[in-house]
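Q: For reference, the file target.cif (mmCIF, C-alpha atoms) is included below:
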data_run
loop_
_atom_site.label_atom_id
_atom_site.label_comp_id
_atom_site.auth_asym_id
_atom_site.auth_seq_id
_atom_site.Cartn_x
_atom_site.Cartn_y
_atom_site.Cartn_z
CA MET A 154 21.59 44.82 -22.19
CA LEU A 155 19.03 43.53 -24.66
CA LYS A 156 15.53 43.34 -23.14
CA ILE A 157 13.18 40.72 -24.58
CA GLY A 158 9.48 41.01 -23.81
CA LEU A 159 7.98 37.51 -23.67
CA THR A 160 4.22 37.37 -24.15
CA GLY A 161 1.43 35.11 -25.35
CA GLY A 162 -2.16 34.31 -24.52
CA ILE A 163 -3.19 32.37 -21.45
CA GLY A 164 -2.22 28.71 -21.81
CA SER A 165 0.25 29.38 -24.62
CA GLY A 166 3.29 28.06 -22.76
CA LYS A 167 5.04 31.21 -21.49
CA THR A 168 6.00 29.50 -18.23
CA ALA A 169 7.70 26.59 -20.00
CA VAL A 170 9.58 28.98 -22.28
CA SER A 171 10.76 31.14 -19.39
CA ARG A 172 11.99 28.04 -17.54
CA PHE A 173 14.06 26.98 -20.55
CA PHE A 174 15.65 30.43 -20.67
CA SER A 175 16.32 30.28 -16.92
CA ALA A 176 18.07 26.93 -17.41
CA LEU A 177 20.45 28.77 -19.76
CA LYS A 178 21.24 31.21 -16.92
CA VAL A 179 19.30 34.01 -18.60
CA PRO A 180 17.70 36.38 -16.06
CA VAL A 181 13.90 36.20 -16.17
CA ILE A 182 11.70 38.92 -14.72
CA ASP A 183 8.09 37.73 -14.53
CA ALA A 184 5.19 40.16 -14.17
CA ASP A 185 2.91 37.46 -12.74
CA LYS A 186 5.42 36.50 -10.06
CA ILE A 187 5.85 40.13 -9.10
CA SER A 188 2.06 40.43 -8.97
CA HIS A 189 1.94 37.48 -6.56
CA GLU A 190 4.41 39.24 -4.29
CA LEU A 191 2.48 42.50 -4.39
CA VAL A 192 -0.79 40.89 -3.28
CA ALA A 193 0.66 38.82 -0.45
CA PRO A 194 -0.89 39.35 3.00
CA GLY A 195 0.57 42.43 4.64
CA GLN A 196 1.08 44.33 1.39
CA ALA A 197 -0.89 47.50 0.73
CA SER A 198 -2.28 46.03 -2.50
CA TYR A 199 -3.64 43.06 -0.55
CA ALA A 200 -5.67 45.30 1.73
CA ALA A 201 -6.99 47.30 -1.23
CA ILE A 202 -8.10 44.14 -3.08
CA VAL A 203 -9.85 42.68 -0.03
CA GLY A 204 -11.54 46.03 0.51
CA LYS A 205 -12.77 46.02 -3.09
CA PHE A 206 -13.74 42.36 -3.55
CA GLY A 207 -14.46 41.25 0.00
CA VAL A 208 -13.34 38.15 1.88
CA ASN A 209 -14.87 35.88 -0.78
CA CYS A 210 -11.70 36.44 -2.83
CA LEU A 211 -9.58 34.82 -0.09
CA ARG A 212 -8.52 31.25 0.52
CA LYS A 213 -8.81 29.73 3.99
CA SER A 214 -5.12 30.52 4.45
CA GLY A 215 -5.87 34.22 4.03
CA LYS A 216 -4.08 34.48 0.68
CA ILE A 217 -5.75 35.87 -2.42
CA ASP A 218 -7.64 33.14 -4.29
CA ARG A 219 -6.40 34.01 -7.77
CA PRO A 220 -8.71 31.69 -9.79
CA THR A 221 -11.75 33.13 -7.98
CA LEU A 222 -10.50 36.66 -8.47
CA ARG A 223 -9.79 35.96 -12.16
CA LYS A 224 -13.37 34.77 -12.73
CA GLU A 225 -14.71 37.88 -11.02
CA ILE A 226 -12.69 40.40 -13.00
CA PHE A 227 -13.34 38.72 -16.34
CA ALA A 228 -17.06 38.73 -15.59
CA HIS A 229 -16.95 42.43 -14.63
CA PRO A 230 -14.67 44.50 -16.92
CA GLU A 231 -14.84 47.56 -14.67
CA LYS A 232 -13.35 45.52 -11.81
CA ARG A 233 -10.59 44.26 -14.08
CA LEU A 234 -9.71 47.83 -15.03
CA TRP A 235 -9.65 48.81 -11.35
CA LEU A 236 -7.29 45.95 -10.50
CA GLU A 237 -5.01 46.75 -13.43
CA SER A 238 -4.82 50.43 -12.45
CA LEU A 239 -3.80 49.34 -8.95
CA LEU A 240 -1.18 46.75 -9.84
CA HIS A 241 0.31 47.64 -13.22
CA PRO A 242 2.22 50.79 -12.11
CA LEU A 243 3.67 48.87 -9.16
CA ILE A 244 4.65 45.91 -11.34
CA ARG A 245 6.35 48.13 -13.91
CA ALA A 246 8.28 50.03 -11.23
CA GLU A 247 9.53 46.76 -9.77
CA MET A 248 10.55 45.52 -13.22
CA PHE A 249 12.63 48.63 -13.86
CA SER A 250 14.24 48.25 -10.43
CA ARG A 251 15.22 44.62 -11.04
CA MET A 252 16.58 45.34 -14.52
CA SER A 253 18.80 48.06 -13.12
CA HIS A 254 20.72 45.42 -11.15
CA LEU A 255 21.40 43.10 -14.09
CA SER A 256 24.61 42.88 -16.12
CA SER A 257 23.82 39.98 -18.46
CA PRO A 258 23.91 40.20 -22.28
CA TYR A 259 20.13 39.99 -22.36
CA CYS A 260 17.15 39.29 -20.13
CA ILE A 261 13.63 37.94 -20.54
CA ILE A 262 10.72 40.03 -19.26
CA VAL A 263 7.52 38.00 -19.09
CA ILE A 264 4.49 40.26 -19.63
CA PRO A 265 1.29 38.28 -20.36
CA LEU A 266 -0.73 41.40 -21.19
CA LEU A 267 1.99 43.14 -23.19
CA THR A 268 -0.11 43.56 -26.32
CA GLU A 269 -3.06 44.91 -24.30
CA THR A 270 -1.15 47.92 -23.04
CA GLN A 271 -2.22 51.38 -24.13
CA ASP A 272 1.09 53.01 -23.19
CA LYS A 273 3.33 52.30 -26.17
CA ASN A 274 6.05 54.69 -24.96
CA LEU A 275 6.40 52.75 -21.72
CA ILE A 276 6.83 49.52 -23.66
CA LYS A 277 9.56 51.13 -25.76
CA ASP A 278 11.38 52.05 -22.55
CA LEU A 279 10.86 48.62 -21.01
CA ILE A 280 11.78 46.26 -23.86
CA ASP A 281 13.74 46.10 -27.12
CA ARG A 282 12.11 43.10 -28.81
CA VAL A 283 8.82 41.21 -28.50
CA LEU A 284 8.83 37.41 -28.39
CA VAL A 285 5.38 35.86 -28.83
CA VAL A 286 4.61 32.28 -27.85
CA ASP A 287 1.94 31.31 -30.34
CA VAL A 288 -0.62 28.51 -30.17
CA PRO A 289 -3.91 27.87 -32.01
CA GLU A 290 -6.91 29.10 -30.02
CA ARG A 291 -8.58 25.67 -29.92
CA LEU A 292 -5.49 24.21 -28.23
CA GLN A 293 -5.19 27.25 -26.00
CA THR A 294 -8.79 26.80 -24.82
CA LYS A 295 -8.21 23.13 -24.08
CA ARG A 296 -5.08 23.84 -22.05
CA VAL A 297 -6.80 26.54 -19.97
CA MET A 298 -9.72 24.21 -19.24
CA VAL A 299 -7.40 21.46 -18.01
CA ARG A 300 -5.04 23.73 -16.08
CA ASP A 301 -7.64 25.86 -14.29
CA HIS A 302 -10.47 23.30 -14.15
CA LEU A 303 -12.79 25.52 -16.17
CA LYS A 304 -15.72 24.84 -18.45
CA ALA A 305 -15.29 25.63 -22.14
CA ALA A 306 -17.45 28.76 -21.91
CA GLU A 307 -15.39 30.08 -18.98
CA ALA A 308 -12.12 29.48 -20.82
CA ARG A 309 -13.41 31.18 -23.96
CA ALA A 310 -14.58 34.17 -21.92
CA ILE A 311 -11.04 34.67 -20.60
CA LEU A 312 -9.55 34.38 -24.08
CA LYS A 313 -12.11 36.84 -25.43
CA VAL A 314 -10.88 39.74 -23.28
CA GLN A 315 -7.24 39.18 -24.22
CA SER A 316 -5.65 40.36 -27.44
CA GLN A 317 -6.65 38.30 -30.43
CA ARG A 318 -3.99 36.03 -31.88
CA ALA A 319 -3.58 38.11 -35.05
CA LYS A 320 -3.04 41.32 -33.09
CA ARG A 321 -0.51 39.65 -30.82
CA LEU A 322 1.48 38.38 -33.80
CA GLN A 323 1.57 41.88 -35.30
CA TRP A 324 3.65 42.95 -32.29
CA ALA A 325 6.12 40.10 -32.66
CA ASP A 326 9.77 40.45 -33.57
CA ASP A 327 10.17 36.72 -32.89
CA VAL A 328 7.58 33.93 -32.75
CA MET A 329 7.75 30.53 -31.07
CA ARG A 330 5.18 27.95 -32.18
CA ASN A 331 4.04 25.79 -29.28
CA GLU A 332 1.91 23.05 -30.78
CA GLY A 333 4.30 20.16 -30.32
CA SER A 334 6.48 18.64 -27.63
CA LEU A 335 8.46 20.33 -24.87
CA GLU A 336 11.62 19.19 -26.61
CA ASN A 337 10.58 21.06 -29.74
CA LEU A 338 9.98 24.14 -27.59
CA ARG A 339 13.40 23.75 -25.94
CA LYS A 340 15.10 23.65 -29.34
CA GLN A 341 13.39 26.88 -30.34
CA VAL A 342 14.62 28.49 -27.13
CA LEU A 343 18.18 27.35 -27.84
CA ALA A 344 18.04 28.89 -31.31
CA LEU A 345 16.72 32.19 -29.97
CA HIS A 346 19.32 32.15 -27.20
CA GLN A 347 22.08 32.20 -29.80
CA LYS A 348 20.27 34.89 -31.76
CA TYR A 349 19.87 37.14 -28.72
CA LEU A 350 23.49 36.66 -27.69
CA SER A 351 24.51 37.72 -31.19
CA LEU A 352 22.20 40.75 -31.15
CA SER A 353 23.58 41.78 -27.78
CA GLY A 354 27.13 41.70 -29.16
CA VAL A 355 28.27 38.37 -27.68
CA ARG A 356 30.03 36.14 -30.25
#
Using structure tokens, write down the structure that the file contains.

A:
Amino acid sequence: MLKIGLTGGIGSGKTAVSRFFSALKVPVIDADKISHELVAPGQASYAAIVGKFGVNCLRKSGKIDRPTLRKEIFAHPEKRLWLESLLHPLIRAEMFSRMSHLSSPYCIIVIPLLTETQDKNLIKDLIDRVLVVDVPERLQTKRVMVRDHLKAAEARAILKVQSQRAKRLQWADDVMRNEGSLENLRKQVLALHQKYLSLSGVR
């Protein structure tokens, strides 16, 4: 099975791309969704995060307030590293487990921080190709501001700690440009779908 690592900066359109692949019946394994599951109330990771960040990182419902937590870790790099060291091994283990149950020609593995990883050997084990969703940084900043209700400075601070656009593109085997309409994005997905089927041996 061909394993495609889908990545891109925050606000680049990874979610839309993964939904288009899902509509084509392609299995999608999403690191962020797995992360949500791992920090749900009752999970060991949940208790560790509350112990580290306090109850201020919680919503009234008792769930982790992800936007609040995101602001905190991007303002304090040492806290971000702590959270990554807690969650990343668990996320990767769950990804490997889910892939082991698939039998499709190829699958999409959504990893937002793929190009930030320091463990290149793990990436080689996890994926075969890197697909980058690319968008100009000015548009990326605008989308993050609208989506997360952030000020420009807050959005730029988040982008600053992620891989720069040029570095991300250096990793890419395939690139999708997401500056236009959703229909344009869908057409790019359809083209890549045929390419990946071909690469996986399906004619």

Q: Name the closest residue to A:Glu336 among the candidates A:Val170, A:Ile276, A:Met154, A:Leu322; distances are taken between atoms, counting only C-alpha atoms.

A: A:Val170

Q: If the PyMOL selection byres ((chain A and resi 215-228) around 9) is run on the structure shown, which residues does it catch, given as a PyMOL selection string?

A: chain A and resi 189+192-194+199+202-203+206+208-214+229-234+236+301+307+310-311+314

Q: Under the rule that only C-alpha atoms are counted, which of A:Arg300, A:Lys156, A:His346, A:Lys340 is the nearest residue to A:Tyr259?

A: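 Distance minimum relative to A:Tyr259 lands on A:Lys156.
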
Q: List as a short mmCIF file (atom, residue, chain, number, x, y, z; two decimals) with C-alpha atoms, in the frame of the given file the protein and nucleic acid residues near A:Val179, meaning an atom at most 10 Å away when only C-alpha atoms are counted, but skip any in the same chain fewer than 5 places from it.

A:
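The new file part-v1.cif reads:
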data_model
loop_
_atom_site.label_atom_id
_atom_site.label_comp_id
_atom_site.auth_asym_id
_atom_site.auth_seq_id
_atom_site.Cartn_x
_atom_site.Cartn_y
_atom_site.Cartn_z
CA SER A 171 10.76 31.14 -19.39
CA ARG A 172 11.99 28.04 -17.54
CA PHE A 173 14.06 26.98 -20.55
CA PHE A 174 15.65 30.43 -20.67
CA SER A 257 23.82 39.98 -18.46
CA PRO A 258 23.91 40.20 -22.28
CA TYR A 259 20.13 39.99 -22.36
CA CYS A 260 17.15 39.29 -20.13
CA ILE A 261 13.63 37.94 -20.54
CA HIS A 346 19.32 32.15 -27.20
#

Q: Tell me which of A:Leu240, A:Val263, A:Val283, A:Ala200 sits closest to A:Pro180, counting only C-alpha atoms.

A: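 Nearest to A:Pro180: A:Val263.
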
Q: So that I can see what lies close to A:Ile182, please list as a VMD selection string the residues with an atom at most 12 Å from it, counting all atoms listed in the file and leaving out residues fewer than 4 positions away in the same chain.

A: chain A and resid 156 to 159 168 171 to 172 174 to 175 186 to 188 244 to 245 247 to 255 259 to 265 279 to 280

Q: Would you save the residues of that selection, restricted to C-alpha atoms, as a PDB file, in the coordinates of the input?

A:
ATOM      1  CA  LYS A 156      15.530  43.340 -23.140  1.00  0.00           C
ATOM      2  CA  ILE A 157      13.180  40.720 -24.580  1.00  0.00           C
ATOM      3  CA  GLY A 158       9.480  41.010 -23.810  1.00  0.00           C
ATOM      4  CA  LEU A 159       7.980  37.510 -23.670  1.00  0.00           C
ATOM      5  CA  THR A 168       6.000  29.500 -18.230  1.00  0.00           C
ATOM      6  CA  SER A 171      10.760  31.140 -19.390  1.00  0.00           C
ATOM      7  CA  ARG A 172      11.990  28.040 -17.540  1.00  0.00           C
ATOM      8  CA  PHE A 174      15.650  30.430 -20.670  1.00  0.00           C
ATOM      9  CA  SER A 175      16.320  30.280 -16.920  1.00  0.00           C
ATOM     10  CA  LYS A 186       5.420  36.500 -10.060  1.00  0.00           C
ATOM     11  CA  ILE A 187       5.850  40.130  -9.100  1.00  0.00           C
ATOM     12  CA  SER A 188       2.060  40.430  -8.970  1.00  0.00           C
ATOM     13  CA  ILE A 244       4.650  45.910 -11.340  1.00  0.00           C
ATOM     14  CA  ARG A 245       6.350  48.130 -13.910  1.00  0.00           C
ATOM     15  CA  GLU A 247       9.530  46.760  -9.770  1.00  0.00           C
ATOM     16  CA  MET A 248      10.550  45.520 -13.220  1.00  0.00           C
ATOM     17  CA  PHE A 249      12.630  48.630 -13.860  1.00  0.00           C
ATOM     18  CA  SER A 250      14.240  48.250 -10.430  1.00  0.00           C
ATOM     19  CA  ARG A 251      15.220  44.620 -11.040  1.00  0.00           C
ATOM     20  CA  MET A 252      16.580  45.340 -14.520  1.00  0.00           C
ATOM     21  CA  SER A 253      18.800  48.060 -13.120  1.00  0.00           C
ATOM     22  CA  HIS A 254      20.720  45.420 -11.150  1.00  0.00           C
ATOM     23  CA  LEU A 255      21.400  43.100 -14.090  1.00  0.00           C
ATOM     24  CA  TYR A 259      20.130  39.990 -22.360  1.00  0.00           C
ATOM     25  CA  CYS A 260      17.150  39.290 -20.130  1.00  0.00           C
ATOM     26  CA  ILE A 261      13.630  37.940 -20.540  1.00  0.00           C
ATOM     27  CA  ILE A 262      10.720  40.030 -19.260  1.00  0.00           C
ATOM     28  CA  VAL A 263       7.520  38.000 -19.090  1.00  0.00           C
ATOM     29  CA  ILE A 264       4.490  40.260 -19.630  1.00  0.00           C
ATOM     30  CA  PRO A 265       1.290  38.280 -20.360  1.00  0.00           C
ATOM     31  CA  LEU A 279      10.860  48.620 -21.010  1.00  0.00           C
ATOM     32  CA  ILE A 280      11.780  46.260 -23.860  1.00  0.00           C
TER      33      ILE A 280
END

Q: As a check of understanding, name the residues that the PyMOL selection byres ((chain A and resi 335) around 12) selects in the supplied structure, as a list in words.

A: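 Applying the expression gives Gly166, Lys167, Thr168, Ala169, Val170, Arg172, Phe173, Met329, Arg330, Asn331, Glu332, Gly333, Ser334, Glu336, Asn337, Leu338, Arg339, Lys340, Gln341 and Val342 of chain A.
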
Q: Please report the interatomic distance between atom CA of A:Asp287 and atom CA of A:Val328 in Å with one decimal.

A: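 These atoms are spaced 6.7 Å apart.
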
Q: In Å, with one decimal, what is the gap from atom CA of A:Lys277 to atom CA of A:Leu239?

A: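 Taking atom CA of A:Lys277 as the start and atom CA of A:Leu239 as the end point, the length is 21.5 Å.
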
Q: Select, from A:Ser256, A:Leu243, A:Thr268, A:Arg309, the residue with the minimum atom-to-atom distance to A:Lys295, counting all atoms listed in the file.

A: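 Looking at the shortest contact to A:Lys295, the residue is A:Arg309.
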
Q: Given all atoms listed in the file as the basis, pick out the residue of A:Val299, A:Glu237, A:Thr160, A:Gly195 nearest to A:Arg282.

A: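 Among the listed residues, the smallest separation from A:Arg282 belongs to A:Thr160.
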
Q: Going by the chain IDs and residue numbers used in this file, which residues fall under the PyMOL selection byres ((chain A and resi 318) around 10)? Write them as JSON, numbers by chain.

A: {"A": [161, 162, 285, 287, 288, 289, 290, 312, 315, 316, 317, 319, 320, 321, 322, 323]}

Q: Hey, can you check how far atom CA of A:Ile163 sits from atom CA of A:Gln347?

A: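 Interatomic distance, atom CA of A:Ile163 to atom CA of A:Gln347: 26.6 Å.
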